[in-house]
>>> print(open('protein16.cif').read())   # mmCIF, C-alpha atoms and all ligand atoms
data_structure
loop_
_atom_site.group_PDB
_atom_site.id
_atom_site.type_symbol
_atom_site.label_atom_id
_atom_site.label_comp_id
_atom_site.auth_asym_id
_atom_site.auth_seq_id
_atom_site.Cartn_x
_atom_site.Cartn_y
_atom_site.Cartn_z
ATOM 1 C CA MET A 197 64.637 -39.043 31.598
ATOM 2 C CA ARG A 198 68.373 -39.533 31.933
ATOM 3 C CA ASP A 199 71.603 -38.319 30.363
ATOM 4 C CA LEU A 200 73.076 -40.612 27.727
ATOM 5 C CA GLY A 201 76.610 -40.351 29.064
ATOM 6 C CA ASP A 202 78.053 -36.977 28.161
ATOM 7 C CA THR A 203 76.500 -36.850 24.665
ATOM 8 C CA GLY A 204 74.070 -34.091 25.680
ATOM 9 C CA ILE A 205 71.226 -36.404 24.599
ATOM 10 C CA ARG A 206 68.428 -37.068 27.112
ATOM 11 C CA VAL A 207 66.736 -40.460 26.899
ATOM 12 C CA SER A 208 63.836 -42.148 28.650
ATOM 13 C CA SER A 209 64.859 -44.912 31.040
ATOM 14 C CA ILE A 210 62.856 -47.324 28.857
ATOM 15 C CA GLY A 211 63.499 -47.281 25.108
ATOM 16 C CA LEU A 212 61.640 -49.159 22.386
ATOM 17 C CA GLY A 213 63.502 -51.753 20.325
ATOM 18 C CA THR A 214 62.070 -52.214 16.845
ATOM 19 C CA VAL A 215 63.394 -55.561 15.582
ATOM 20 C CA LYS A 216 59.834 -56.937 15.645
ATOM 21 C CA LEU A 217 58.553 -54.043 13.495
ATOM 22 C CA GLY A 218 60.674 -55.250 10.597
ATOM 23 C CA ARG A 219 61.894 -58.804 10.955
ATOM 24 C CA ALA A 220 60.300 -62.068 12.080
ATOM 25 C CA VAL A 221 62.904 -64.590 10.870
ATOM 26 C CA GLY A 222 66.290 -65.478 12.334
ATOM 27 C CA VAL A 223 65.310 -64.080 15.747
ATOM 28 C CA LYS A 224 65.425 -65.808 19.116
ATOM 29 C CA TYR A 225 62.118 -64.878 20.703
ATOM 30 C CA PRO A 226 60.260 -67.622 22.625
ATOM 31 C CA ALA A 227 57.185 -67.506 20.366
ATOM 32 C CA PRO A 228 56.539 -66.740 16.690
ATOM 33 C CA PHE A 229 54.827 -63.403 15.988
ATOM 34 C CA SER A 230 53.346 -61.384 13.143
ATOM 35 C CA ILE A 231 54.904 -58.071 12.176
ATOM 36 C CA PRO A 232 52.374 -55.320 13.074
ATOM 37 C CA ASP A 233 50.714 -53.440 10.205
ATOM 38 C CA ASP A 234 51.095 -49.658 9.911
ATOM 39 C CA GLU A 235 48.011 -48.929 12.027
ATOM 40 C CA ALA A 236 49.221 -51.137 14.872
ATOM 41 C CA ALA A 237 52.781 -49.812 14.599
ATOM 42 C CA THR A 238 51.524 -46.200 14.726
ATOM 43 C CA HIS A 239 49.420 -47.035 17.764
ATOM 44 C CA LEU A 240 52.499 -48.559 19.446
ATOM 45 C CA LEU A 241 54.600 -45.465 18.711
ATOM 46 C CA ARG A 242 51.882 -43.059 19.919
ATOM 47 C CA ARG A 243 51.437 -45.072 23.102
ATOM 48 C CA ALA A 244 55.201 -45.031 23.614
ATOM 49 C CA ARG A 245 55.267 -41.218 23.504
ATOM 50 C CA GLU A 246 52.264 -41.045 25.875
ATOM 51 C CA LEU A 247 54.238 -43.224 28.270
ATOM 52 C CA GLY A 248 57.237 -40.886 28.092
ATOM 53 C CA VAL A 249 59.364 -43.143 25.885
ATOM 54 C CA ASN A 250 61.518 -41.100 23.484
ATOM 55 C CA LEU A 251 64.203 -43.588 22.415
ATOM 56 C CA LEU A 252 63.847 -45.866 19.387
ATOM 57 C CA ASP A 253 66.427 -48.507 18.558
ATOM 58 C CA THR A 254 66.604 -49.762 14.986
ATOM 59 C CA ALA A 255 69.175 -51.176 12.548
ATOM 60 C CA PRO A 256 69.691 -51.993 8.870
ATOM 61 C CA ALA A 257 69.715 -55.646 9.968
ATOM 62 C CA TYR A 258 66.138 -55.389 11.350
ATOM 63 C CA GLY A 259 64.406 -56.062 8.032
ATOM 64 C CA ASN A 260 62.459 -52.961 6.942
ATOM 65 C CA SER A 261 62.353 -51.446 10.449
ATOM 66 C CA GLU A 262 64.298 -48.320 9.419
ATOM 67 C CA SER A 263 62.213 -47.519 6.346
ATOM 68 C CA ARG A 264 58.951 -48.169 8.186
ATOM 69 C CA LEU A 265 60.016 -45.790 10.950
ATOM 70 C CA GLY A 266 61.033 -43.219 8.321
ATOM 71 C CA THR A 267 57.478 -43.248 7.010
ATOM 72 C CA LEU A 268 55.663 -43.550 10.339
ATOM 73 C CA LEU A 269 57.662 -40.780 12.048
ATOM 74 C CA GLN A 270 57.111 -38.143 9.358
ATOM 75 C CA GLY A 271 55.991 -34.936 11.078
ATOM 76 C CA TRP A 272 57.130 -35.942 14.568
ATOM 77 C CA ARG A 273 60.679 -37.252 14.066
ATOM 78 C CA ASP A 274 61.962 -34.441 16.344
ATOM 79 C CA GLU A 275 60.159 -35.986 19.318
ATOM 80 C CA TRP A 276 62.468 -39.000 19.151
ATOM 81 C CA VAL A 277 66.037 -40.009 19.846
ATOM 82 C CA ILE A 278 66.836 -42.455 17.042
ATOM 83 C CA VAL A 279 69.557 -45.050 17.557
ATOM 84 C CA SER A 280 70.556 -47.046 14.500
ATOM 85 C CA LYS A 281 73.490 -49.275 13.631
ATOM 86 C CA ALA A 282 75.990 -49.969 10.897
ATOM 87 C CA GLY A 283 78.128 -52.906 9.822
ATOM 88 C CA GLU A 284 75.510 -55.669 9.632
ATOM 89 C CA THR A 285 72.853 -56.383 7.006
ATOM 90 C CA PHE A 286 70.467 -59.340 6.857
ATOM 91 C CA ASP A 287 69.410 -60.745 3.476
ATOM 92 C CA GLY A 288 66.434 -62.713 4.797
ATOM 93 C CA GLU A 289 68.522 -65.800 5.575
ATOM 94 C CA VAL A 290 71.972 -64.781 6.806
ATOM 95 C CA SER A 291 73.785 -61.703 8.089
ATOM 96 C CA HIS A 292 76.599 -59.986 6.193
ATOM 97 C CA PHE A 293 79.179 -57.802 7.891
ATOM 98 C CA ASP A 294 81.234 -54.880 6.583
ATOM 99 C CA PHE A 295 83.097 -52.681 9.045
ATOM 100 C CA SER A 296 85.289 -50.940 6.476
ATOM 101 C CA PRO A 297 85.178 -47.109 6.610
ATOM 102 C CA GLU A 298 83.474 -47.042 3.188
ATOM 103 C CA GLY A 299 80.941 -49.664 4.315
ATOM 104 C CA ILE A 300 80.129 -47.795 7.516
ATOM 105 C CA THR A 301 79.803 -44.463 5.735
ATOM 106 C CA SER A 302 77.495 -45.770 3.026
ATOM 107 C CA SER A 303 75.437 -47.635 5.618
ATOM 108 C CA VAL A 304 74.864 -44.420 7.596
ATOM 109 C CA GLU A 305 73.945 -42.526 4.406
ATOM 110 C CA ARG A 306 71.420 -45.276 3.598
ATOM 111 C CA SER A 307 69.973 -45.117 7.153
ATOM 112 C CA LEU A 308 69.575 -41.335 6.882
ATOM 113 C CA ALA A 309 67.626 -41.795 3.639
ATOM 114 C CA ARG A 310 65.491 -44.638 4.988
ATOM 115 C CA LEU A 311 64.708 -42.792 8.204
ATOM 116 C CA LYS A 312 64.029 -39.580 6.239
ATOM 117 C CA THR A 313 66.185 -37.489 8.536
ATOM 118 C CA SER A 314 69.259 -35.285 8.185
ATOM 119 C CA CYS A 315 70.867 -36.504 11.410
ATOM 120 C CA LEU A 316 70.852 -39.731 13.387
ATOM 121 C CA ASP A 317 71.154 -39.286 17.142
ATOM 122 C CA VAL A 318 73.325 -42.377 17.721
ATOM 123 C CA VAL A 319 74.942 -44.920 15.390
ATOM 124 C CA LEU A 320 76.399 -48.119 16.838
ATOM 125 C CA LEU A 321 78.659 -50.636 15.124
ATOM 126 C CA HIS A 322 76.488 -53.747 14.964
ATOM 127 C CA SER A 323 78.821 -56.473 16.110
ATOM 128 C CA GLY A 324 78.308 -60.096 15.182
ATOM 129 C CA GLY A 325 81.008 -61.245 17.634
ATOM 130 C CA GLU A 326 84.685 -61.802 16.783
ATOM 131 C CA ALA A 327 85.030 -58.747 14.502
ATOM 132 C CA GLU A 328 84.515 -56.355 17.409
ATOM 133 C CA LEU A 329 87.958 -57.257 18.753
ATOM 134 C CA HIS A 330 89.396 -55.486 15.685
ATOM 135 C CA PHE A 331 87.102 -52.460 15.524
ATOM 136 C CA ASP A 332 90.046 -50.165 16.310
ATOM 137 C CA GLU A 333 92.012 -51.542 13.329
ATOM 138 C CA THR A 334 89.334 -51.335 10.614
ATOM 139 C CA GLY A 335 88.913 -47.546 10.567
ATOM 140 C CA SER A 336 85.230 -47.856 11.486
ATOM 141 C CA PHE A 337 85.494 -45.621 14.570
ATOM 142 C CA GLU A 338 87.295 -42.996 12.461
ATOM 143 C CA ALA A 339 84.518 -43.185 9.853
ATOM 144 C CA LEU A 340 81.912 -42.605 12.562
ATOM 145 C CA ALA A 341 83.935 -39.735 14.053
ATOM 146 C CA HIS A 342 84.047 -38.144 10.590
ATOM 147 C CA LEU A 343 80.261 -38.492 10.187
ATOM 148 C CA LYS A 344 79.863 -36.870 13.604
ATOM 149 C CA ALA A 345 82.130 -33.974 12.610
ATOM 150 C CA GLN A 346 79.968 -33.549 9.479
ATOM 151 C CA GLY A 347 76.818 -33.299 11.654
ATOM 152 C CA LYS A 348 75.255 -36.442 10.185
ATOM 153 C CA ILE A 349 75.265 -38.238 13.548
ATOM 154 C CA ARG A 350 75.313 -36.810 17.064
ATOM 155 C CA ALA A 351 77.064 -39.676 18.837
ATOM 156 C CA PHE A 352 78.506 -43.087 18.041
ATOM 157 C CA GLY A 353 79.504 -46.343 19.646
ATOM 158 C CA ALA A 354 79.141 -50.095 19.398
ATOM 159 C CA SER A 355 76.731 -52.831 20.344
ATOM 160 C CA THR A 356 79.005 -55.615 21.491
ATOM 161 C CA LYS A 357 78.957 -59.286 22.390
ATOM 162 C CA THR A 358 82.177 -59.713 24.368
ATOM 163 C CA LEU A 359 83.603 -57.958 27.403
ATOM 164 C CA ARG A 360 86.825 -57.234 25.512
ATOM 165 C CA GLY A 361 84.923 -55.714 22.609
ATOM 166 C CA ALA A 362 82.894 -53.613 25.028
ATOM 167 C CA GLN A 363 86.018 -52.321 26.793
ATOM 168 C CA LEU A 364 87.580 -51.446 23.464
ATOM 169 C CA ALA A 365 84.501 -49.491 22.411
ATOM 170 C CA ILE A 366 84.324 -47.678 25.754
ATOM 171 C CA ASP A 367 87.824 -46.304 25.149
ATOM 172 C CA ARG A 368 86.838 -44.849 21.769
ATOM 173 C CA CYS A 369 83.119 -44.073 21.833
ATOM 174 C CA ASP A 370 80.245 -42.026 23.262
ATOM 175 C CA VAL A 371 77.778 -44.905 23.745
ATOM 176 C CA VAL A 372 77.810 -48.697 24.158
ATOM 177 C CA MET A 373 74.958 -51.172 23.932
ATOM 178 C CA LEU A 374 75.444 -54.097 26.295
ATOM 179 C CA THR A 375 73.568 -57.211 27.392
ATOM 180 C CA LEU A 376 72.391 -57.418 30.982
ATOM 181 C CA ASN A 377 69.781 -59.492 32.789
ATOM 182 C CA PRO A 378 69.882 -61.690 35.904
ATOM 183 C CA GLN A 379 71.058 -64.657 33.758
ATOM 184 C CA GLU A 380 73.641 -62.782 31.662
ATOM 185 C CA ARG A 381 76.040 -60.690 33.728
ATOM 186 C CA ASN A 382 79.291 -60.833 31.704
ATOM 187 C CA ASP A 383 79.092 -57.147 30.747
ATOM 188 C CA GLU A 384 78.868 -55.868 34.336
ATOM 189 C CA PRO A 385 82.522 -54.680 34.451
ATOM 190 C CA ALA A 386 81.969 -52.805 31.177
ATOM 191 C CA ILE A 387 78.970 -50.952 32.641
ATOM 192 C CA GLU A 388 81.149 -49.860 35.536
ATOM 193 C CA SER A 389 83.981 -48.624 33.326
ATOM 194 C CA ALA A 390 81.563 -46.899 30.928
ATOM 195 C CA SER A 391 80.028 -45.125 33.894
ATOM 196 C CA LYS A 392 83.450 -43.918 35.103
ATOM 197 C CA LYS A 393 84.162 -42.459 31.645
ATOM 198 C CA SER A 394 80.674 -40.941 31.194
ATOM 199 C CA VAL A 395 80.015 -43.208 28.218
ATOM 200 C CA GLY A 396 76.274 -43.770 27.689
ATOM 201 C CA VAL A 397 75.026 -47.323 28.318
ATOM 202 C CA LEU A 398 72.032 -48.804 26.504
ATOM 203 C CA ILE A 399 70.922 -52.250 27.686
ATOM 204 C CA LYS A 400 69.613 -54.901 25.273
ATOM 205 C CA LYS A 401 67.905 -58.176 26.219
ATOM 206 C CA ALA A 402 67.034 -57.030 29.762
ATOM 207 C CA LEU A 403 64.102 -59.482 29.630
ATOM 208 C CA GLN A 404 66.300 -62.199 28.101
ATOM 209 C CA SER A 405 64.549 -61.635 24.766
ATOM 210 C CA GLY A 406 61.244 -62.532 26.446
ATOM 211 C CA HIS A 407 62.399 -65.741 28.138
ATOM 212 C CA ALA A 408 62.538 -64.024 31.547
ATOM 213 C CA VAL A 409 58.875 -63.028 31.232
ATOM 214 C CA GLN A 410 57.820 -66.639 30.849
ATOM 215 C CA GLU A 411 59.083 -67.519 34.312
ATOM 216 C CA SER A 412 56.286 -67.826 36.822
ATOM 217 C CA GLY A 413 55.892 -68.567 40.496
ATOM 218 C CA GLY A 414 58.138 -65.845 41.932
ATOM 219 C CA ALA A 415 56.855 -63.315 44.427
ATOM 220 C CA MET A 416 57.626 -60.418 42.075
ATOM 221 C CA ASP A 417 56.485 -59.718 38.521
ATOM 222 C CA PRO A 418 59.338 -61.052 36.308
ATOM 223 C CA VAL A 419 59.577 -57.796 34.325
ATOM 224 C CA GLU A 420 59.978 -55.795 37.515
ATOM 225 C CA ARG A 421 62.496 -58.300 38.876
ATOM 226 C CA SER A 422 64.646 -57.979 35.740
ATOM 227 C CA LEU A 423 64.375 -54.183 35.564
ATOM 228 C CA ARG A 424 65.189 -53.778 39.260
ATOM 229 C CA PHE A 425 68.287 -55.880 38.678
ATOM 230 C CA VAL A 426 69.373 -53.842 35.636
ATOM 231 C CA PHE A 427 68.671 -50.401 37.122
ATOM 232 C CA ALA A 428 70.668 -51.313 40.224
ATOM 233 C CA HIS A 429 73.715 -50.833 37.955
ATOM 234 C CA ALA A 430 74.524 -47.150 38.270
ATOM 235 C CA GLY A 431 75.922 -46.590 34.764
ATOM 236 C CA VAL A 432 72.787 -47.702 32.881
ATOM 237 C CA SER A 433 71.229 -44.905 30.815
ATOM 238 C CA SER A 434 68.287 -46.713 29.208
ATOM 239 C CA VAL A 435 66.858 -50.207 28.844
ATOM 240 C CA VAL A 436 65.697 -50.927 25.287
ATOM 241 C CA VAL A 437 62.768 -53.376 25.371
ATOM 242 C CA GLY A 438 61.795 -55.121 22.167
ATOM 243 C CA THR A 439 58.011 -55.214 22.371
ATOM 244 C CA ILE A 440 55.271 -54.780 19.740
ATOM 245 C CA ASP A 441 52.483 -54.860 22.338
ATOM 246 C CA PRO A 442 51.438 -51.406 23.694
ATOM 247 C CA ASP A 443 50.085 -52.996 26.895
ATOM 248 C CA HIS A 444 53.379 -54.793 27.464
ATOM 249 C CA LEU A 445 55.216 -51.515 26.951
ATOM 250 C CA ALA A 446 52.954 -49.801 29.504
ATOM 251 C CA HIS A 447 53.622 -52.670 31.895
ATOM 252 C CA ASP A 448 57.392 -52.349 31.357
ATOM 253 C CA VAL A 449 57.332 -48.567 31.883
ATOM 254 C CA ALA A 450 55.314 -48.998 35.080
ATOM 255 C CA ALA A 451 57.750 -51.654 36.328
ATOM 256 C CA ALA A 452 60.690 -49.360 35.545
ATOM 257 C CA HIS A 453 58.966 -46.595 37.474
ATOM 258 C CA ARG A 454 58.526 -48.841 40.495
ATOM 259 C CA ALA A 455 62.190 -49.837 40.239
ATOM 260 C CA LEU A 456 63.429 -46.249 39.971
ATOM 261 C CA VAL A 457 60.952 -44.283 42.083
ATOM 262 C CA PRO A 458 60.254 -46.176 45.297
ATOM 263 C CA GLY A 459 56.790 -45.539 46.687
ATOM 264 C CA GLU A 460 55.290 -44.546 43.294
ATOM 265 C CA ASP A 461 51.720 -45.767 42.737
ATOM 266 C CA SER A 462 52.177 -48.479 40.124
ATOM 267 C CA GLN A 463 48.473 -48.478 39.093
ATOM 268 C CA THR A 464 48.653 -44.795 38.201
ATOM 269 C CA GLN A 465 51.793 -45.336 36.199
ATOM 270 C CA GLU A 466 50.391 -48.251 34.214
ATOM 271 C CA LYS A 467 47.434 -46.103 33.148
ATOM 272 C CA GLY A 468 49.041 -42.742 32.802
ATOM 273 C CA GLY A 469 52.684 -42.839 31.867
ATOM 274 C CA ALA A 470 56.141 -42.142 33.090
HETATM 275 N N1 LIG A 501 72.598 -54.796 18.820
HETATM 276 C C1 LIG A 501 72.295 -56.022 18.976
HETATM 277 O O1 LIG A 501 73.073 -56.916 18.643
HETATM 278 C C2 LIG A 501 70.974 -56.350 19.586
HETATM 279 C C3 LIG A 501 70.683 -57.639 19.840
HETATM 280 C C4 LIG A 501 69.483 -57.881 20.421
HETATM 281 C C5 LIG A 501 68.645 -56.828 20.715
HETATM 282 N N2 LIG A 501 68.976 -55.564 20.428
HETATM 283 C C6 LIG A 501 68.057 -54.428 20.728
HETATM 284 O O2 LIG A 501 67.568 -54.570 22.028
HETATM 285 C C7 LIG A 501 66.150 -54.679 21.984
HETATM 286 C C8 LIG A 501 65.678 -55.587 23.086
HETATM 287 O O3 LIG A 501 66.186 -56.880 22.952
HETATM 288 P P1 LIG A 501 65.256 -58.103 22.670
HETATM 289 O O4 LIG A 501 64.094 -57.652 21.866
HETATM 290 O O5 LIG A 501 66.078 -59.224 22.169
HETATM 291 O O6 LIG A 501 64.815 -58.574 24.096
HETATM 292 P P2 LIG A 501 63.953 -58.078 25.369
HETATM 293 O O7 LIG A 501 63.641 -56.650 25.330
HETATM 294 O O8 LIG A 501 64.678 -58.637 26.527
HETATM 295 O O9 LIG A 501 62.602 -58.947 25.208
HETATM 296 C C9 LIG A 501 61.671 -58.695 24.220
HETATM 297 C C10 LIG A 501 60.623 -59.780 24.304
HETATM 298 O O10 LIG A 501 59.962 -59.659 25.570
HETATM 299 C C11 LIG A 501 58.567 -59.614 25.356
HETATM 300 N N3 LIG A 501 57.997 -58.676 26.337
HETATM 301 C C12 LIG A 501 58.358 -57.397 26.584
HETATM 302 N N4 LIG A 501 57.623 -56.869 27.582
HETATM 303 C C13 LIG A 501 56.744 -57.842 27.957
HETATM 304 C C14 LIG A 501 55.703 -57.911 28.925
HETATM 305 N N5 LIG A 501 55.418 -56.862 29.727
HETATM 306 N N6 LIG A 501 54.998 -59.065 29.039
HETATM 307 C C15 LIG A 501 55.274 -60.124 28.246
HETATM 308 N N7 LIG A 501 56.261 -60.121 27.303
HETATM 309 C C16 LIG A 501 56.984 -58.980 27.162
HETATM 310 C C17 LIG A 501 58.356 -59.156 23.936
HETATM 311 O O11 LIG A 501 57.180 -59.737 23.414
HETATM 312 P P3 LIG A 501 55.917 -58.798 22.972
HETATM 313 O O12 LIG A 501 56.322 -58.180 21.666
HETATM 314 O O13 LIG A 501 54.794 -59.772 22.866
HETATM 315 O O14 LIG A 501 55.713 -57.795 24.057
HETATM 316 C C18 LIG A 501 59.594 -59.671 23.222
HETATM 317 O O15 LIG A 501 59.355 -60.946 22.677
HETATM 318 C C19 LIG A 501 65.834 -55.166 20.572
HETATM 319 O O16 LIG A 501 64.511 -54.873 20.175
HETATM 320 C C20 LIG A 501 66.861 -54.405 19.784
HETATM 321 O O17 LIG A 501 66.406 -53.078 19.578
HETATM 322 C C21 LIG A 501 70.119 -55.302 19.881
#
>>> encode(input="protein16.cif", output="structure tokens", more="lines below")
Ligand SMILES: NC(=O)c1ccc[n+]([C@@H]2O[C@H](COP(=O)([O-])OP(=O)(O)OC[C@H]3O[C@@H](n4cnc5c(N)ncnc54)[C@H](OP(=O)(O)O)[C@@H]3O)[C@@H](O)[C@H]2O)c1
Amino acid sequence: MRDLGDTGIRVSSIGLGTVKLGRAVGVKYPAPFSIPDDEAATHLLRRARELGVNLLDTAPAYGNSESRLGTLLQGWRDEWVIVSKAGETFDGEVSHFDFSPEGITSSVERSLARLKTSCLDVVLLHSGGEAELHFDETGSFEALAHLKAQGKIRAFGASTKTLRGAQLAIDRCDVVMLTLNPQERNDEPAIESASKKSVGVLIKKALQSGHAVQESGGAMDPVERSLRFVFAHAGVSSVVVGTIDPDHLAHDVAAAHRALVPGEDSQTQEKGGA
């Protein structure tokens, strides 16, 4: 478990991304997949908690991920740190963006209803690219700050696609979600500046959306290689992995443990948890 910047929120070093619980089109994974049914999704969530994972990452743009989680987490929502987003929706074919204060506020209200909760732990502006360079002019940060003051969210930030957008968010926010893996290192300076300002850092695409796992022939397991690389960056709070396979999640948690706790018995971790 680690601090998410200075939000007061404690998160597991591996989080669970839930795109694949709600959306199978318009995604960039190496292979097609079927969205798990409720039984399989519940099994995945229970396994995640057994493994020590407490962070779930979702978004209105992830199909019905939010509403599924709202149903599946009834009775144990308090065991989780829920990160959702605002500003992007997906209509089944294309994304639509609205970063106006009214758009952000109504999006958060809708997420609260879908997730059947009175407070979201973190809400991130869901950047599609260019728009993030103007986040400080649209009033979206002010809208999030207002929601935080109202107690509807505990912390806010942005998931960005450019270094400039990331730097801008770091100056105004509690949390940023950045891309980092051995092939994509553009956000490294942002991780460093977030760390200096005690801004929480969530990492997306640490396994290159699954492409890194397909590499073979190296001396080290590709998951462990990627996670060792990411966790070598001191400001990282949690790596959000987007898996729907409980065994893969166990493998990822065990690899994170080996990366973070030298000398740990990896076999024990893969069976037992983090
Ligand atoms: N805000 C944004 O703009 C944004 C963008 C992208 C992602 N995200 C967030 O970040 C999360 C992670 O990103 P991501 O899903 O693109 O990429 P990722 O975590 O780098 O990779 C996920 C892929 O790796 C595979 N995988 C994971 N562990 C594995 C293992 N041990 N062995 C074999 N395959 C494994 C998964 O397949 P299986 O399901 O078969 O395990 C999945 O296809 C997302 O779920 C989402 O929550 C946010």
>>> closest_residue(input="protein16.cif", among="A:Cys315, A:Leu364, A:Val395, A:Val426", to="ligand LIG 501 (chain A)", atoms="only C-alpha atoms and all ligand atoms")
A:Val426
>>> resolve_selection(input="protein16.cif", expression="the PyMOL selection byres (((not hetatm)) within 6 of (chain A and resi 501))", output="PDB file with C-alpha atoms, keeping the file's coordinate frame")
ATOM      1  CA  GLY A 213      63.502 -51.753  20.325  1.00  0.00           C
ATOM      2  CA  THR A 214      62.070 -52.214  16.845  1.00  0.00           C
ATOM      3  CA  VAL A 215      63.394 -55.561  15.582  1.00  0.00           C
ATOM      4  CA  TYR A 225      62.118 -64.878  20.703  1.00  0.00           C
ATOM      5  CA  ASP A 253      66.427 -48.507  18.558  1.00  0.00           C
ATOM      6  CA  THR A 254      66.604 -49.762  14.986  1.00  0.00           C
ATOM      7  CA  HIS A 322      76.488 -53.747  14.964  1.00  0.00           C
ATOM      8  CA  SER A 355      76.731 -52.831  20.344  1.00  0.00           C
ATOM      9  CA  LYS A 400      69.613 -54.901  25.273  1.00  0.00           C
ATOM     10  CA  LYS A 401      67.905 -58.176  26.219  1.00  0.00           C
ATOM     11  CA  ALA A 402      67.034 -57.030  29.762  1.00  0.00           C
ATOM     12  CA  LEU A 403      64.102 -59.482  29.630  1.00  0.00           C
ATOM     13  CA  GLN A 404      66.300 -62.199  28.101  1.00  0.00           C
ATOM     14  CA  SER A 405      64.549 -61.635  24.766  1.00  0.00           C
ATOM     15  CA  GLY A 406      61.244 -62.532  26.446  1.00  0.00           C
ATOM     16  CA  VAL A 409      58.875 -63.028  31.232  1.00  0.00           C
ATOM     17  CA  VAL A 436      65.697 -50.927  25.287  1.00  0.00           C
ATOM     18  CA  VAL A 437      62.768 -53.376  25.371  1.00  0.00           C
ATOM     19  CA  GLY A 438      61.795 -55.121  22.167  1.00  0.00           C
ATOM     20  CA  THR A 439      58.011 -55.214  22.371  1.00  0.00           C
ATOM     21  CA  ILE A 440      55.271 -54.780  19.740  1.00  0.00           C
ATOM     22  CA  ASP A 441      52.483 -54.860  22.338  1.00  0.00           C
ATOM     23  CA  HIS A 444      53.379 -54.793  27.464  1.00  0.00           C
ATOM     24  CA  LEU A 445      55.216 -51.515  26.951  1.00  0.00           C
ATOM     25  CA  HIS A 447      53.622 -52.670  31.895  1.00  0.00           C
ATOM     26  CA  ASP A 448      57.392 -52.349  31.357  1.00  0.00           C
TER      27      ASP A 448
END
>>> resolve_selection(input="protein16.cif", expression="the PyMOL selection byres (((chain A and resi 267-272) around 10) and not hetatm)", output="NGL selection string")
:A and (234-235 or 237-238 or 241 or 262-266 or 273-276 or 310-313)
>>> closest_residue(input="protein16.cif", among="A:Ser261, A:Ser389, A:Ser208, A:Ser307", to="Leu247 of chain A", atoms="all atoms listed in the file")
A:Ser208
>>> residues_around(input="protein16.cif", residues="Thr334 of chain A", least_positions_apart="3", cutoff="8 Å", atoms="all atoms listed in the file", output="list in words")
Phe295, Ser296, Pro297, His330, Phe331 and Phe337 of chain A
>>> resolve_selection(input="protein16.cif", expression="the PyMOL selection byres (((chain A and resi 230) around 12) and not hetatm)", output="PDB file with C-alpha atoms, in the coordinates of the input")
ATOM      1  CA  VAL A 215      63.394 -55.561  15.582  1.00  0.00           C
ATOM      2  CA  LYS A 216      59.834 -56.937  15.645  1.00  0.00           C
ATOM      3  CA  LEU A 217      58.553 -54.043  13.495  1.00  0.00           C
ATOM      4  CA  GLY A 218      60.674 -55.250  10.597  1.00  0.00           C
ATOM      5  CA  ARG A 219      61.894 -58.804  10.955  1.00  0.00           C
ATOM      6  CA  ALA A 220      60.300 -62.068  12.080  1.00  0.00           C
ATOM      7  CA  VAL A 221      62.904 -64.590  10.870  1.00  0.00           C
ATOM      8  CA  ALA A 227      57.185 -67.506  20.366  1.00  0.00           C
ATOM      9  CA  PRO A 228      56.539 -66.740  16.690  1.00  0.00           C
ATOM     10  CA  PHE A 229      54.827 -63.403  15.988  1.00  0.00           C
ATOM     11  CA  ILE A 231      54.904 -58.071  12.176  1.00  0.00           C
ATOM     12  CA  PRO A 232      52.374 -55.320  13.074  1.00  0.00           C
ATOM     13  CA  ASP A 233      50.714 -53.440  10.205  1.00  0.00           C
ATOM     14  CA  ALA A 236      49.221 -51.137  14.872  1.00  0.00           C
ATOM     15  CA  ALA A 237      52.781 -49.812  14.599  1.00  0.00           C
ATOM     16  CA  ILE A 440      55.271 -54.780  19.740  1.00  0.00           C
ATOM     17  CA  ASP A 441      52.483 -54.860  22.338  1.00  0.00           C
TER      18      ASP A 441
END
>>> atom_distance(input="protein16.cif", atom1="atom CA of Ile278 of chain A", atom2="atom CA of Gln410 of chain A")
29.3 Å
>>> atom_distance(input="protein16.cif", atom1="atom CA of Ala408 of chain A", atom2="atom CA of Arg421 of chain A")
9.3 Å
>>> residues_near_point(input="protein16.cif", point="(82.0, -49.2, 37.5)", cutoff="12 Å", atoms="all atoms listed in the file", output="number ranges by chain")
A: 363, 383-395, 397, 428-432
>>> residues_around(input="protein16.cif", residues="Glu328 of chain A", least_positions_apart="2", cutoff="9 Å", atoms="only C-alpha atoms", output="ChimeraX atom specification")
/A:321-326,330-332,354,356-358,360-362,364-365
>>> atom_distance(input="protein16.cif", atom1="atom CA of Ser433 of chain A", atom2="atom CA of Val419 of chain A")
17.7 Å
>>> axis_aligned_box(input="protein16.cif", around="segment 214-222 of chain A", padding_each_side="5 Å", output="JSON")
{"center_x": 62.4, "center_y": -58.8, "center_z": 13.7, "size_x": 17.7, "size_y": 23.3, "size_z": 16.2}
>>> residues_around(input="protein16.cif", residues="Lys344 of chain A", least_positions_apart="6", cutoff="10 Å", atoms="only C-alpha atoms", output="list in words")
Cys315, Leu316, Asp317, Val318, Val319, Glu338, Arg350, Ala351 and Phe352 of chain A
>>> closest_residue(input="protein16.cif", among="A:Gly201, A:Gly299, A:Pro256, A:Gly211", to="Ser280 of chain A", atoms="all atoms listed in the file")
A:Pro256
